[in-house]
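**Q** Input: one structure, supplied below.
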Amino acid sequence: VHRNALGSEMMALSTQLYRQRTARPAGGPIVIGYGSGTATHDVDFDQAVPALIDVMTDFPAVELWIAGPLLLSPALSGFGERIRRFPLLAWRRWFELLAQVDINLAPLEPGNVFCRAKSEIKFVEAAALGVPTVASAIDPFVQAMTDGVDGFLAGDAPGWIAALRR
């Protein structure tokens, strides 16, 4: 049973973008990315904030790219231009942006029954592009991912920090 899948058009674009991604030169910033489809993801994203502060403080080459509506924690304001904002994007543009990211974030609020019923689509999309995901260790991601093999699972702030540092 597949709870999620990418259609043939998405897979064709993913394959093209993956080839471009693997051919790009090394170097440059390390980009951590997050896509928000609605303003309801603020609480979800807060799960990753302590880890982002930790990593961005210790690694000046790290940037954070946010697509879609999201109210960022004031604790991230000190990183200035290292945080880039993008509007909510149509799926093709989202895939093009996600293909430029080095680490995909998929935080969900722990203990929230609604979040436990969400899907693992953020992991599926990133995986098609060869982008590793750090996700909350809750049902949809635990069922779809093997921690340390095809992504990283984080259950609390220390877990998020360890996963992002890996």
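Each chain in the structure tokens gets a letter, A, B and so on, in the order shown; residues start at 1 in every chain, and ligands are counted from 1 in the order they appear.
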Tell me which protein, DNA and RNA residues are within 10 Å of A:Ala75, counting only C-alpha atoms, leaving out same-chain ones fewer than 2 positions away, and put them as a list of chain:residue names.
**A**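 Here the answer would be A:Val49, A:Pro50, A:Leu52, A:Ile53, A:Leu72, A:Ser73, A:Ser77, A:Gly78, A:Phe79.
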**Q** Taking the chain letters and numbering used in this document, name the residues of chain A that DSSP puts in strand (DSSP E), as a list in words.
**A**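 Matching residues for strand (DSSP E) in chain A are Ile30, Val31, Ile32, Gly33, Tyr34, Gly35, Val62, Glu63, Leu64, Trp65, Ile66, Ala67, Ile83, Arg84, Arg85, Phe86, Ile103, Asn104, Leu105, Ala106, Thr133, Val134, Ala135, Ser136, Phe152, Leu153 and Ala154 of chain A.
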**Q** Go ahead and write the selection's residues with C-alpha atoms as a PDB file, in the first residue's frame.
**A**
ATOM      1  CA  ILE A  30      24.817  24.478   2.637  1.00  0.00           C
ATOM      2  CA  VAL A  31      21.103  25.057   2.183  1.00  0.00           C
ATOM      3  CA  ILE A  32      18.518  23.776   4.629  1.00  0.00           C
ATOM      4  CA  GLY A  33      15.036  24.078   3.171  1.00  0.00           C
ATOM      5  CA  TYR A  34      11.458  23.987   4.343  1.00  0.00           C
ATOM      6  CA  GLY A  35       8.249  24.209   2.360  1.00  0.00           C
ATOM      7  CA  VAL A  62      24.549  27.313   6.291  1.00  0.00           C
ATOM      8  CA  GLU A  63      21.536  29.111   4.832  1.00  0.00           C
ATOM      9  CA  LEU A  64      17.855  28.539   5.545  1.00  0.00           C
ATOM     10  CA  TRP A  65      15.385  28.748   2.661  1.00  0.00           C
ATOM     11  CA  ILE A  66      11.673  28.939   3.483  1.00  0.00           C
ATOM     12  CA  ALA A  67       8.964  28.601   0.823  1.00  0.00           C
ATOM     13  CA  ILE A  83      17.511  33.233   5.672  1.00  0.00           C
ATOM     14  CA  ARG A  84      15.802  33.486   2.296  1.00  0.00           C
ATOM     15  CA  ARG A  85      12.041  33.612   1.812  1.00  0.00           C
ATOM     16  CA  PHE A  86      10.116  32.382  -1.223  1.00  0.00           C
ATOM     17  CA  ILE A 103      18.822  19.222   3.606  1.00  0.00           C
ATOM     18  CA  ASN A 104      15.023  19.088   3.630  1.00  0.00           C
ATOM     19  CA  LEU A 105      13.142  19.677   6.880  1.00  0.00           C
ATOM     20  CA  ALA A 106       9.886  17.922   7.714  1.00  0.00           C
ATOM     21  CA  THR A 133      15.264  14.766   4.930  1.00  0.00           C
ATOM     22  CA  VAL A 134      15.357  15.369   8.665  1.00  0.00           C
ATOM     23  CA  ALA A 135      11.840  14.659   9.916  1.00  0.00           C
ATOM     24  CA  SER A 136       9.946  14.429  13.165  1.00  0.00           C
ATOM     25  CA  PHE A 152      16.988  11.143   9.719  1.00  0.00           C
ATOM     26  CA  LEU A 153      14.334  11.057  12.420  1.00  0.00           C
ATOM     27  CA  ALA A 154      14.291  13.459  15.356  1.00  0.00           C
TER      28      ALA A 154
END
**Q** Given the choices A:Ala61, A:Leu108, A:Leu76, A:Ala128, which gets closest to A:His41 if the distance is worked out from only C-alpha atoms?
**A**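 Under the stated criterion, the closest residue is A:Leu108.
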**Q** Could you name the residues that touch A:Gly37 at 7 Å or less, counting only C-alpha atoms, but leaving out those on the same chain fewer than 2 positions away, as an MDAnalysis selection string?
**A** chainID A and resid 35 68:69 88
**Q** Would you please extract all alpha helix (DSSP H) residues from stretch 16-80 of chain A, as assigned by DSSP on the backbone, and give them as a list in words?
**A**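 Filtering stretch 16-80 of chain A to alpha helix (DSSP H) leaves Gln16, Leu17, Tyr18, Arg19, Gln20, Arg21, Thr22, Ala23, Asp42, Val43, Asp44, Phe45, Asp46, Val49, Pro50, Ala51, Leu52, Ile53, Asp54, Val55, Met56, Thr57 and Asp58 of chain A.
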